[in-house]
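Okay, entry-v8.pdb now, which holds PDB, N, CA and C atoms:
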ATOM      1  N   MET A 573     107.644  83.571  96.791
ATOM      2  CA  MET A 573     106.909  82.592  96.013
ATOM      3  C   MET A 573     106.666  83.139  94.618
ATOM      4  N   ALA A 574     106.711  82.273  93.629
ATOM      5  CA  ALA A 574     106.471  82.673  92.239
ATOM      6  C   ALA A 574     105.000  83.011  92.042
ATOM      7  N   ALA A 575     104.726  83.860  91.078
ATOM      8  CA  ALA A 575     103.355  84.223  90.749
ATOM      9  C   ALA A 575     102.633  83.021  90.167
ATOM     10  N   ALA A 576     101.298  83.029  90.296
ATOM     11  CA  ALA A 576     100.500  81.936  89.737
ATOM     12  C   ALA A 576     100.838  81.767  88.264
ATOM     13  N   GLY A 577     101.086  80.539  87.872
ATOM     14  CA  GLY A 577     101.359  80.236  86.476
ATOM     15  C   GLY A 577     102.823  80.242  86.097
ATOM     16  N   ALA A 578     103.709  80.788  86.918
ATOM     17  CA  ALA A 578     105.134  80.850  86.586
ATOM     18  C   ALA A 578     105.843  79.659  87.220
ATOM     19  N   ALA A 579     106.038  78.584  86.462
ATOM     20  CA  ALA A 579     106.682  77.384  87.004
ATOM     21  C   ALA A 579     108.161  77.652  87.235
ATOM     22  N   ARG A 580     108.700  77.035  88.274
ATOM     23  CA  ARG A 580     110.111  77.239  88.585
ATOM     24  C   ARG A 580     110.718  75.965  89.127
ATOM     25  N   ALA A 581     112.009  75.810  88.885
ATOM     26  CA  ALA A 581     112.742  74.658  89.411
ATOM     27  C   ALA A 581     113.112  74.939  90.862
ATOM     28  N   PRO A 582     113.067  73.927  91.719
ATOM     29  CA  PRO A 582     113.456  74.139  93.111
ATOM     30  C   PRO A 582     114.952  74.374  93.236
ATOM     31  N   ARG A 583     115.346  75.053  94.304
ATOM     32  CA  ARG A 583     116.770  75.260  94.568
ATOM     33  C   ARG A 583     117.419  73.931  94.922
ATOM     34  N   GLY A 584     118.678  73.799  94.630
ATOM     35  CA  GLY A 584     119.408  72.586  94.968
ATOM     36  C   GLY A 584     119.206  71.457  93.978
ATOM     37  N   ASP A 585     118.651  71.744  92.815
ATOM     38  CA  ASP A 585     118.423  70.729  91.792
ATOM     39  C   ASP A 585     119.774  70.204  91.309
ATOM     40  N   ASP A 586     119.963  68.879  91.309
ATOM     41  CA  ASP A 586     121.231  68.255  90.944
ATOM     42  C   ASP A 586     121.293  68.052  89.430
ATOM     43  N   PRO A 587     122.198  68.755  88.718
ATOM     44  CA  PRO A 587     122.264  68.640  87.261
ATOM     45  C   PRO A 587     122.716  67.266  86.756
ATOM     46  N   ARG A 588     123.226  66.411  87.628
ATOM     47  CA  ARG A 588     123.643  65.068  87.210
ATOM     48  C   ARG A 588     122.477  64.084  87.175
ATOM     49  N   HIS A 589     121.368  64.447  87.764
ATOM     50  CA  HIS A 589     120.205  63.557  87.833
ATOM     51  C   HIS A 589     119.437  63.614  86.505
ATOM     52  N   PRO A 590     118.913  62.470  86.002
ATOM     53  CA  PRO A 590     118.238  62.463  84.701
ATOM     54  C   PRO A 590     116.866  63.134  84.705
ATOM     55  N   PHE A 591     116.325  63.388  85.887
ATOM     56  CA  PHE A 591     115.013  64.008  85.982
ATOM     57  C   PHE A 591     115.131  65.396  86.586
ATOM     58  N   GLN A 592     114.141  66.211  86.303
ATOM     59  CA  GLN A 592     114.103  67.555  86.855
ATOM     60  C   GLN A 592     112.687  67.811  87.353
ATOM     61  N   SER A 593     112.564  68.537  88.446
ATOM     62  CA  SER A 593     111.240  68.840  88.969
ATOM     63  C   SER A 593     110.967  70.346  88.872
ATOM     64  N   TRP A 594     109.689  70.652  88.735
ATOM     65  CA  TRP A 594     109.235  72.028  88.613
ATOM     66  C   TRP A 594     108.005  72.222  89.467
ATOM     67  N   LEU A 595     107.901  73.379  90.095
ATOM     68  CA  LEU A 595     106.704  73.750  90.831
ATOM     69  C   LEU A 595     105.896  74.727  89.986
ATOM     70  N   TRP A 596     104.624  74.408  89.766
ATOM     71  CA  TRP A 596     103.706  75.307  89.068
ATOM     72  C   TRP A 596     102.715  75.845  90.091
ATOM     73  N   PRO A 597     102.887  77.095  90.532
ATOM     74  CA  PRO A 597     101.911  77.699  91.430
ATOM     75  C   PRO A 597     100.628  77.967  90.633
ATOM     76  N   ALA A 598      99.589  77.241  90.926
ATOM     77  CA  ALA A 598      98.356  77.308  90.144
ATOM     78  C   ALA A 598      97.551  78.565  90.465
ATOM     79  N   PRO A 599      96.718  78.994  89.508
ATOM     80  CA  PRO A 599      95.771  80.069  89.811
ATOM     81  C   PRO A 599      94.842  79.645  90.956
ATOM     82  N   ALA A 600      94.159  80.591  91.557
ATOM     83  CA  ALA A 600      93.292  80.317  92.701
ATOM     84  C   ALA A 600      92.186  79.323  92.378
ATOM     85  N   LEU A 601      91.693  79.322  91.138
ATOM     86  CA  LEU A 601      90.618  78.415  90.750
ATOM     87  C   LEU A 601      90.868  77.907  89.335
ATOM     88  N   LEU A 602      90.693  76.605  89.149
ATOM     89  CA  LEU A 602      90.878  75.972  87.847
ATOM     90  C   LEU A 602      89.590  75.282  87.413
ATOM     91  N   HIS A 603      89.436  75.137  86.106
ATOM     92  CA  HIS A 603      88.329  74.385  85.537
ATOM     93  C   HIS A 603      88.792  72.934  85.428
ATOM     94  N   ALA A 604      88.105  72.011  86.092
ATOM     95  CA  ALA A 604      88.559  70.618  86.202
ATOM     96  C   ALA A 604      88.740  69.941  84.850
ATOM     97  N   ASP A 605      87.769  70.059  83.956
ATOM     98  CA  ASP A 605      87.879  69.384  82.658
ATOM     99  C   ASP A 605      89.008  69.963  81.814
ATOM    100  N   ARG A 606      89.148  71.277  81.822
ATOM    101  CA  ARG A 606      90.235  71.895  81.040
ATOM    102  C   ARG A 606      91.599  71.534  81.620
ATOM    103  N   LEU A 607      91.694  71.446  82.952
ATOM    104  CA  LEU A 607      92.954  71.041  83.569
ATOM    105  C   LEU A 607      93.305  69.608  83.169
ATOM    106  N   ALA A 608      92.343  68.698  83.267
ATOM    107  CA  ALA A 608      92.596  67.301  82.902
ATOM    108  C   ALA A 608      93.016  67.201  81.436
ATOM    109  N   ASP A 609      92.332  67.913  80.558
ATOM    110  CA  ASP A 609      92.697  67.892  79.136
ATOM    111  C   ASP A 609      94.111  68.423  78.917
ATOM    112  N   ALA A 610      94.437  69.539  79.563
ATOM    113  CA  ALA A 610      95.771  70.135  79.393
ATOM    114  C   ALA A 610      96.853  69.190  79.912
ATOM    115  N   LEU A 611      96.612  68.538  81.041
ATOM    116  CA  LEU A 611      97.597  67.608  81.585
ATOM    117  C   LEU A 611      97.799  66.415  80.654
ATOM    118  N   ARG A 612      96.712  65.884  80.103
ATOM    119  CA  ARG A 612      96.814  64.739  79.193
ATOM    120  C   ARG A 612      97.558  65.084  77.907
ATOM    121  N   GLN A 613      97.541  66.331  77.520
ATOM    122  CA  GLN A 613      98.167  66.750  76.263
ATOM    123  C   GLN A 613      99.618  67.196  76.429
ATOM    124  N   LEU A 614     100.146  67.152  77.642
ATOM    125  CA  LEU A 614     101.553  67.511  77.823
ATOM    126  C   LEU A 614     102.438  66.536  77.053
ATOM    127  N   PRO A 615     103.562  67.014  76.544
ATOM    128  CA  PRO A 615     104.498  66.108  75.863
ATOM    129  C   PRO A 615     104.945  64.986  76.808
ATOM    130  N   ARG A 616     105.326  63.870  76.223
ATOM    131  CA  ARG A 616     105.689  62.672  77.002
ATOM    132  C   ARG A 616     106.884  62.884  77.931
ATOM    133  N   HIS A 617     107.717  63.894  77.667
ATOM    134  CA  HIS A 617     108.863  64.098  78.556
ATOM    135  C   HIS A 617     108.451  64.688  79.913
ATOM    136  N   TRP A 618     107.205  65.120  80.055
ATOM    137  CA  TRP A 618     106.660  65.464  81.368
ATOM    138  C   TRP A 618     106.067  64.170  81.916
ATOM    139  N   LEU A 619     106.710  63.573  82.911
ATOM    140  CA  LEU A 619     106.378  62.220  83.341
ATOM    141  C   LEU A 619     105.289  62.141  84.409
ATOM    142  N   ARG A 620     105.350  63.035  85.378
ATOM    143  CA  ARG A 620     104.425  62.972  86.511
ATOM    144  C   ARG A 620     104.116  64.367  87.009
ATOM    145  N   ALA A 621     102.976  64.450  87.689
ATOM    146  CA  ALA A 621     102.613  65.685  88.385
ATOM    147  C   ALA A 621     101.741  65.307  89.570
ATOM    148  N   LYS A 622     101.863  66.084  90.625
ATOM    149  CA  LYS A 622     101.044  65.841  91.807
ATOM    150  C   LYS A 622     100.963  67.122  92.613
ATOM    151  N   GLY A 623      99.793  67.374  93.164
ATOM    152  CA  GLY A 623      99.647  68.527  94.031
ATOM    153  C   GLY A 623      98.192  68.847  94.309
ATOM    154  N   TRP A 624      97.998  69.887  95.093
ATOM    155  CA  TRP A 624      96.673  70.339  95.507
ATOM    156  C   TRP A 624      96.278  71.577  94.720
ATOM    157  N   VAL A 625      95.081  71.542  94.156
ATOM    158  CA  VAL A 625      94.517  72.698  93.455
ATOM    159  C   VAL A 625      93.058  72.851  93.864
ATOM    160  N   ARG A 626      92.469  73.977  93.474
ATOM    161  CA  ARG A 626      91.025  74.183  93.676
ATOM    162  C   ARG A 626      90.370  74.216  92.305
ATOM    163  N   THR A 627      89.290  73.425  92.158
ATOM    164  CA  THR A 627      88.552  73.437  90.901
ATOM    165  C   THR A 627      87.116  73.869  91.162
ATOM    166  N   GLU A 628      86.465  74.285  90.088
ATOM    167  CA  GLU A 628      85.070  74.709  90.207
ATOM    168  C   GLU A 628      84.165  73.533  90.561
ATOM    169  N   ARG A 629      84.591  72.319  90.270
ATOM    170  CA  ARG A 629      83.789  71.125  90.537
ATOM    171  C   ARG A 629      84.070  70.500  91.901
ATOM    172  N   HIS A 630      85.352  70.460  92.296
ATOM    173  CA  HIS A 630      85.738  69.711  93.487
ATOM    174  C   HIS A 630      86.075  70.563  94.703
ATOM    175  N   GLY A 631      86.294  71.849  94.535
ATOM    176  CA  GLY A 631      86.923  72.610  95.615
ATOM    177  C   GLY A 631      88.382  72.179  95.676
ATOM    178  N   TRP A 632      88.957  72.122  96.876
ATOM    179  CA  TRP A 632      90.332  71.639  97.013
ATOM    180  C   TRP A 632      90.370  70.156  96.674
ATOM    181  N   VAL A 633      91.324  69.765  95.836
ATOM    182  CA  VAL A 633      91.425  68.372  95.417
ATOM    183  C   VAL A 633      92.883  68.027  95.111
ATOM    184  N   LEU A 634      93.256  66.793  95.425
ATOM    185  CA  LEU A 634      94.587  66.291  95.097
ATOM    186  C   LEU A 634      94.568  65.798  93.656
ATOM    187  N   VAL A 635      95.480  66.307  92.843
ATOM    188  CA  VAL A 635      95.555  65.932  91.424
ATOM    189  C   VAL A 635      96.838  65.150  91.196
ATOM    190  N   GLN A 636      96.729  64.064  90.408
ATOM    191  CA  GLN A 636      97.907  63.285  90.053
ATOM    192  C   GLN A 636      97.879  62.978  88.563
ATOM    193  N   LEU A 637      99.025  63.143  87.926
ATOM    194  CA  LEU A 637      99.218  62.772  86.524
ATOM    195  C   LEU A 637     100.304  61.709  86.489
ATOM    196  N   ALA A 638     100.019  60.611  85.807
ATOM    197  CA  ALA A 638     101.012  59.556  85.575
ATOM    198  C   ALA A 638     100.732  59.003  84.181
ATOM    199  N   GLY A 639     101.694  59.132  83.295
ATOM    200  CA  GLY A 639     101.455  58.753  81.904
ATOM    201  C   GLY A 639     100.422  59.709  81.326
ATOM    202  N   ARG A 640      99.347  59.203  80.829
ATOM    203  CA  ARG A 640      98.263  60.040  80.319
ATOM    204  C   ARG A 640      97.044  59.975  81.229
ATOM    205  N   ARG A 641      97.209  59.375  82.421
ATOM    206  CA  ARG A 641      96.086  59.268  83.354
ATOM    207  C   ARG A 641      96.103  60.422  84.346
ATOM    208  N   VAL A 642      94.966  61.077  84.454
ATOM    209  CA  VAL A 642      94.789  62.162  85.413
ATOM    210  C   VAL A 642      93.775  61.697  86.442
ATOM    211  N   ARG A 643      94.117  61.881  87.684
ATOM    212  CA  ARG A 643      93.219  61.472  88.766
ATOM    213  C   ARG A 643      92.962  62.645  89.694
ATOM    214  N   PHE A 644      91.692  62.890  89.979
ATOM    215  CA  PHE A 644      91.276  63.862  90.987
ATOM    216  C   PHE A 644      90.875  63.043  92.217
ATOM    217  N   ASP A 645      91.676  63.101  93.257
ATOM    218  CA  ASP A 645      91.417  62.314  94.471
ATOM    219  C   ASP A 645      90.578  63.149  95.434
ATOM    220  N   THR A 646      89.267  62.964  95.359
ATOM    221  CA  THR A 646      88.340  63.757  96.171
ATOM    222  C   THR A 646      88.257  63.266  97.609
ATOM    223  N   ARG A 647      88.822  62.100  97.897
ATOM    224  CA  ARG A 647      88.775  61.556  99.261
ATOM    225  C   ARG A 647      89.982  61.947 100.101
ATOM    226  N   ALA A 648      91.035  62.432  99.462
ATOM    227  CA  ALA A 648      92.245  62.805 100.200
ATOM    228  C   ALA A 648      91.967  64.040 101.054
ATOM    229  N   ALA A 649      92.482  64.031 102.259
ATOM    230  CA  ALA A 649      92.340  65.171 103.158
ATOM    231  C   ALA A 649      93.487  66.141 102.931
ATOM    232  N   ARG A 650      93.137  67.380 102.633
ATOM    233  CA  ARG A 650      94.168  68.387 102.389
ATOM    234  C   ARG A 650      94.913  68.692 103.680
ATOM    235  N   PRO A 651      96.247  68.560 103.668
ATOM    236  CA  PRO A 651      97.034  68.892 104.859
ATOM    237  C   PRO A 651      96.872  70.374 105.226
ATOM    238  N   ALA A 652      96.887  70.660 106.497
ATOM    239  CA  ALA A 652      96.693  72.034 106.982
ATOM    240  C   ALA A 652      97.737  72.996 106.423
ATOM    241  N   GLU A 653      98.952  72.490 106.155
ATOM    242  CA  GLU A 653     100.014  73.387 105.667
ATOM    243  C   GLU A 653      99.853  73.756 104.192
ATOM    244  N   VAL A 654      98.961  73.093 103.470
ATOM    245  CA  VAL A 654      98.716  73.428 102.056
ATOM    246  C   VAL A 654      97.743  74.597 102.010
ATOM    247  N   ARG A 655      98.284  75.770 101.708
ATOM    248  CA  ARG A 655      97.459  76.980 101.663
ATOM    249  C   ARG A 655      97.373  77.569 100.261
ATOM    250  N   SER A 656      98.313  77.203  99.411
ATOM    251  CA  SER A 656      98.361  77.728  98.051
ATOM    252  C   SER A 656      98.259  76.580  97.066
ATOM    253  N   PRO A 657      97.448  76.727  96.023
ATOM    254  CA  PRO A 657      97.337  75.654  95.029
ATOM    255  C   PRO A 657      98.595  75.561  94.173
ATOM    256  N   GLY A 658      98.954  74.345  93.798
ATOM    257  CA  GLY A 658     100.114  74.170  92.931
ATOM    258  C   GLY A 658     100.358  72.707  92.630
ATOM    259  N   LEU A 659     101.095  72.465  91.567
ATOM    260  CA  LEU A 659     101.464  71.119  91.162
ATOM    261  C   LEU A 659     102.979  71.033  91.022
ATOM    262  N   VAL A 660     103.535  69.914  91.440
ATOM    263  CA  VAL A 660     104.953  69.630  91.234
ATOM    264  C   VAL A 660     105.032  68.668  90.051
ATOM    265  N   PHE A 661     105.843  69.026  89.067
ATOM    266  CA  PHE A 661     106.020  68.219  87.860
ATOM    267  C   PHE A 661     107.397  67.589  87.863
ATOM    268  N   ILE A 662     107.485  66.379  87.323
ATOM    269  CA  ILE A 662     108.764  65.706  87.116
ATOM    270  C   ILE A 662     108.875  65.422  85.626
ATOM    271  N   GLY A 663     110.009  65.815  85.054
ATOM    272  CA  GLY A 663     110.233  65.606  83.634
ATOM    273  C   GLY A 663     111.678  65.252  83.357
ATOM    274  N   MET A 664     111.950  64.952  82.104
ATOM    275  CA  MET A 664     113.304  64.589  81.692
ATOM    276  C   MET A 664     114.173  65.850  81.618
ATOM    277  N   ARG A 665     115.322  65.776  82.245
ATOM    278  CA  ARG A 665     116.256  66.910  82.252
ATOM    279  C   ARG A 665     116.664  67.271  80.823
ATOM    280  N   GLY A 666     116.710  68.543  80.549
ATOM    281  CA  GLY A 666     117.120  69.032  79.243
ATOM    282  C   GLY A 666     115.985  69.129  78.239
ATOM    283  N   LEU A 667     114.865  68.480  78.517
ATOM    284  CA  LEU A 667     113.711  68.536  77.612
ATOM    285  C   LEU A 667     112.574  69.362  78.195
ATOM    286  N   THR A 668     112.604  69.577  79.492
ATOM    287  CA  THR A 668     111.497  70.256  80.164
ATOM    288  C   THR A 668     111.855  71.698  80.480
ATOM    289  N   ARG A 669     110.864  72.550  80.344
ATOM    290  CA  ARG A 669     111.027  73.968  80.704
ATOM    291  C   ARG A 669     109.774  74.403  81.453
ATOM    292  N   GLY A 670     109.973  75.109  82.536
ATOM    293  CA  GLY A 670     108.852  75.571  83.338
ATOM    294  C   GLY A 670     107.893  76.445  82.564
ATOM    295  N   GLU A 671     108.428  77.267  81.662
ATOM    296  CA  GLU A 671     107.558  78.156  80.867
ATOM    297  C   GLU A 671     106.607  77.333  80.006
ATOM    298  N   GLU A 672     107.070  76.164  79.547
ATOM    299  CA  GLU A 672     106.248  75.309  78.701
ATOM    300  C   GLU A 672     105.025  74.808  79.462
ATOM    301  N   VAL A 673     105.223  74.287  80.663
ATOM    302  CA  VAL A 673     104.099  73.766  81.418
ATOM    303  C   VAL A 673     103.147  74.894  81.806
ATOM    304  N   ALA A 674     103.699  76.040  82.177
ATOM    305  CA  ALA A 674     102.836  77.180  82.536
ATOM    306  C   ALA A 674     101.972  77.610  81.355
ATOM    307  N   ALA A 675     102.543  77.683  80.182
ATOM    308  CA  ALA A 675     101.781  78.094  79.000
ATOM    309  C   ALA A 675     100.717  77.069  78.635
ATOM    310  N   ARG A 676     101.038  75.800  78.748
ATOM    311  CA  ARG A 676     100.083  74.746  78.385
ATOM    312  C   ARG A 676      98.929  74.631  79.383
ATOM    313  N   LEU A 677      99.156  75.007  80.647
ATOM    314  CA  LEU A 677      98.113  74.903  81.642
ATOM    315  C   LEU A 677      97.311  76.194  81.821
ATOM    316  N   ALA A 678      97.772  77.277  81.248
ATOM    317  CA  ALA A 678      97.076  78.563  81.387
ATOM    318  C   ALA A 678      95.593  78.499  81.010
ATOM    319  N   PRO A 679      95.192  77.782  79.948
ATOM    320  CA  PRO A 679      93.768  77.730  79.594
ATOM    321  C   PRO A 679      92.879  77.052  80.647
ATOM    322  N   ALA A 680      93.476  76.368  81.622
ATOM    323  CA  ALA A 680      92.685  75.693  82.643
ATOM    324  C   ALA A 680      92.146  76.647  83.711
ATOM    325  N   ALA A 681      92.641  77.877  83.723
ATOM    326  CA  ALA A 681      92.156  78.844  84.719
ATOM    327  C   ALA A 681      90.667  79.070  84.536
ATOM    328  N   ALA A 682      89.941  79.059  85.660
ATOM    329  CA  ALA A 682      88.473  79.234  85.590
ATOM    330  C   ALA A 682      88.117  80.700  85.465
TER     331      ALA A 682
END
Could I get this file's structure written as structure tokens?
Amino acid sequence: MAAAGAARAPRGDDPRHPFQSWLWPAPALLHADRLADALRQLPRHWLRAKGWVRTERHGWVLVQLAGRRVRFDTRAARPAEVRSPGLVFIGMRGLTRGEEVAARLAPAAA
């Protein structure tokens, strides 16, 4: 597994597809407001994000980014197999880099 903050593309990524996905293994604890701000400020070529993280406000929470809307779903039940915090990002192929998302989200660490 990649270290916290080092986003990586999954194996088997099809280079013919117009979108690319990245996994960002999140730090153990994030600051909710800083995370929401960082997600909203991502360039438009980062289209979506979804995953489970831990914040100082919510504990474990499902986070979703779509457009510029960030949602913390406090009612979702965390699946038992989710043991590590992280977000999966979808972006436009050729415009997205895992290092970019990791650097932009680094200030959200609590």
Could you list, as a VMD selection string, every residue matched by the PyMOL selection byres (((chain A and resi 605-615 and name CA) around 6) and name CA) in this structure? chain A and resid 603 to 604 616 to 618 640 677 680
Taking the file above as input, evaluate the PyMOL selection byres ((chain A and resi 650) around 8) and report the hits as a list in words.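 When the PyMOL selection byres ((chain A and resi 650) around 8) is applied, the selected residues are Trp624, Trp632, Val633, Leu634, Arg647, Ala648, Ala649, Pro651, Ala652, Glu653 and Val654 of chain A.
If you count only C-alpha atoms and ignore residues fewer than 5 places along the chain from His630 of chain A, what sits within 10 Å of it is Leu602, His603, Ala604, Val625, Phe644, Asp645 and Thr646 of chain A.
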Nearest-residue call for Ala638 of chain A, choices A:Leu619, A:Pro599, A:Arg676, A:Ala681, using all atoms listed in the file: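 Among the listed residues, the smallest separation from Ala638 of chain A belongs to A:Leu619.
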Please expand the PyMOL selection byres ((chain A and resi 666-669) around 8) into the concrete residues it hits in this file, giving the result as an NGL selection string. :A and (579-581 or 590-592 or 594 or 617-618 or 662-665 or 670-674)
Give me, please, the distance in Å between atom N of Glu628 of chain A and atom N of Arg655 of chain A, quoted to one decimal.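 Spanning atom N of Glu628 of chain A to atom N of Arg655 of chain A is a straight-line distance of 16.6 Å.
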Report as JSON, numbers by chain: the residues of chain A with a DSSP assignment of helix (DSSP H, G or I), based on the backbone of this structure. {"A": [604, 605, 606, 607, 608, 609, 610, 611, 612, 670, 671, 672, 673, 674, 675, 676, 677, 678, 679, 680]}
Mind giving me the straight-line distance from atom N of Gly623 of chain A to atom N of Ala598 of chain A in Å, one decimal? 10.1 Å
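Among the candidates A:Gln636, A:Gly631, A:Arg626, A:Pro657, the one nearest to Leu595 of chain A when counting only C-alpha atoms is A:Pro657.
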Report as a PyMOL selection string: the residues of segment 629-681 of chain A with a DSSP assignment of strand (DSSP E), based on the backbone of this structure. chain A and resi 631-638+641-645+658-664
For the atom pair atom CA of Phe661 of chain A and atom CA of Ser593 of chain A, what is the interatomic distance in Å to one decimal place?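 Between these atoms lies a distance of 5.4 Å.
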Please define a box with edges along x, y and z of the file around all atoms of segment 638-646 of chain A given in the file, extend it by 4 Å on each side, and return its centre and edge lengths in Å to one decimal, as AutoDock Vina command-line options.
--center_x 95.0 --center_y 61.3 --center_z 89.0 --size_x 21.4 --size_y 13.1 --size_z 25.3
Which one of A:Val635, A:Ala600, A:Pro679, A:Arg641 sits closest to Ser656 of chain A if you count only C-alpha atoms? A:Ala600
What would segment 609-626 of chain A look like with N, CA, C and O atoms in place, written as a PDB file, in the frame of the given file?
ATOM      1  N   ASP A 609      92.332  67.913  80.558  1.00  0.00           N
ATOM      2  CA  ASP A 609      92.697  67.892  79.136  1.00  0.00           C
ATOM      3  C   ASP A 609      94.111  68.423  78.917  1.00  0.00           C
ATOM      4  O   ASP A 609      94.890  67.841  78.158  1.00  0.00           O
ATOM      5  N   ALA A 610      94.437  69.539  79.563  1.00  0.00           N
ATOM      6  CA  ALA A 610      95.771  70.135  79.393  1.00  0.00           C
ATOM      7  C   ALA A 610      96.853  69.190  79.912  1.00  0.00           C
ATOM      8  O   ALA A 610      97.912  69.043  79.284  1.00  0.00           O
ATOM      9  N   LEU A 611      96.612  68.538  81.041  1.00  0.00           N
ATOM     10  CA  LEU A 611      97.597  67.608  81.585  1.00  0.00           C
ATOM     11  C   LEU A 611      97.799  66.415  80.654  1.00  0.00           C
ATOM     12  O   LEU A 611      98.927  65.987  80.420  1.00  0.00           O
ATOM     13  N   ARG A 612      96.712  65.884  80.103  1.00  0.00           N
ATOM     14  CA  ARG A 612      96.814  64.739  79.193  1.00  0.00           C
ATOM     15  C   ARG A 612      97.558  65.084  77.907  1.00  0.00           C
ATOM     16  O   ARG A 612      98.118  64.204  77.256  1.00  0.00           O
ATOM     17  N   GLN A 613      97.541  66.331  77.520  1.00  0.00           N
ATOM     18  CA  GLN A 613      98.167  66.750  76.263  1.00  0.00           C
ATOM     19  C   GLN A 613      99.618  67.196  76.429  1.00  0.00           C
ATOM     20  O   GLN A 613     100.260  67.575  75.443  1.00  0.00           O
ATOM     21  N   LEU A 614     100.146  67.152  77.642  1.00  0.00           N
ATOM     22  CA  LEU A 614     101.553  67.511  77.823  1.00  0.00           C
ATOM     23  C   LEU A 614     102.438  66.536  77.053  1.00  0.00           C
ATOM     24  O   LEU A 614     102.115  65.350  76.939  1.00  0.00           O
ATOM     25  N   PRO A 615     103.562  67.014  76.544  1.00  0.00           N
ATOM     26  CA  PRO A 615     104.498  66.108  75.863  1.00  0.00           C
ATOM     27  C   PRO A 615     104.945  64.986  76.808  1.00  0.00           C
ATOM     28  O   PRO A 615     104.956  65.143  78.028  1.00  0.00           O
ATOM     29  N   ARG A 616     105.326  63.870  76.223  1.00  0.00           N
ATOM     30  CA  ARG A 616     105.689  62.672  77.002  1.00  0.00           C
ATOM     31  C   ARG A 616     106.884  62.884  77.931  1.00  0.00           C
ATOM     32  O   ARG A 616     107.050  62.131  78.884  1.00  0.00           O
ATOM     33  N   HIS A 617     107.717  63.894  77.667  1.00  0.00           N
ATOM     34  CA  HIS A 617     108.863  64.098  78.556  1.00  0.00           C
ATOM     35  C   HIS A 617     108.451  64.688  79.913  1.00  0.00           C
ATOM     36  O   HIS A 617     109.249  64.747  80.825  1.00  0.00           O
ATOM     37  N   TRP A 618     107.205  65.120  80.055  1.00  0.00           N
ATOM     38  CA  TRP A 618     106.660  65.464  81.368  1.00  0.00           C
ATOM     39  C   TRP A 618     106.067  64.170  81.916  1.00  0.00           C
ATOM     40  O   TRP A 618     105.055  63.693  81.442  1.00  0.00           O
ATOM     41  N   LEU A 619     106.710  63.573  82.911  1.00  0.00           N
ATOM     42  CA  LEU A 619     106.378  62.220  83.341  1.00  0.00           C
ATOM     43  C   LEU A 619     105.289  62.141  84.409  1.00  0.00           C
ATOM     44  O   LEU A 619     104.440  61.254  84.363  1.00  0.00           O
ATOM     45  N   ARG A 620     105.350  63.035  85.378  1.00  0.00           N
ATOM     46  CA  ARG A 620     104.425  62.972  86.511  1.00  0.00           C
ATOM     47  C   ARG A 620     104.116  64.367  87.009  1.00  0.00           C
ATOM     48  O   ARG A 620     104.906  65.279  86.829  1.00  0.00           O
ATOM     49  N   ALA A 621     102.976  64.450  87.689  1.00  0.00           N
ATOM     50  CA  ALA A 621     102.613  65.685  88.385  1.00  0.00           C
ATOM     51  C   ALA A 621     101.741  65.307  89.570  1.00  0.00           C
ATOM     52  O   ALA A 621     100.991  64.327  89.518  1.00  0.00           O
ATOM     53  N   LYS A 622     101.863  66.084  90.625  1.00  0.00           N
ATOM     54  CA  LYS A 622     101.044  65.841  91.807  1.00  0.00           C
ATOM     55  C   LYS A 622     100.963  67.122  92.613  1.00  0.00           C
ATOM     56  O   LYS A 622     101.938  67.854  92.722  1.00  0.00           O
ATOM     57  N   GLY A 623      99.793  67.374  93.164  1.00  0.00           N
ATOM     58  CA  GLY A 623      99.647  68.527  94.031  1.00  0.00           C
ATOM     59  C   GLY A 623      98.192  68.847  94.309  1.00  0.00           C
ATOM     60  O   GLY A 623      97.271  68.188  93.822  1.00  0.00           O
ATOM     61  N   TRP A 624      97.998  69.887  95.093  1.00  0.00           N
ATOM     62  CA  TRP A 624      96.673  70.339  95.507  1.00  0.00           C
ATOM     63  C   TRP A 624      96.278  71.577  94.720  1.00  0.00           C
ATOM     64  O   TRP A 624      97.048  72.524  94.626  1.00  0.00           O
ATOM     65  N   VAL A 625      95.081  71.542  94.156  1.00  0.00           N
ATOM     66  CA  VAL A 625      94.517  72.698  93.455  1.00  0.00           C
ATOM     67  C   VAL A 625      93.058  72.851  93.864  1.00  0.00           C
ATOM     68  O   VAL A 625      92.478  71.956  94.491  1.00  0.00           O
ATOM     69  N   ARG A 626      92.469  73.977  93.474  1.00  0.00           N
ATOM     70  CA  ARG A 626      91.025  74.183  93.676  1.00  0.00           C
ATOM     71  C   ARG A 626      90.370  74.216  92.305  1.00  0.00           C
ATOM     72  O   ARG A 626      90.829  74.933  91.416  1.00  0.00           O
TER      73      ARG A 626
END
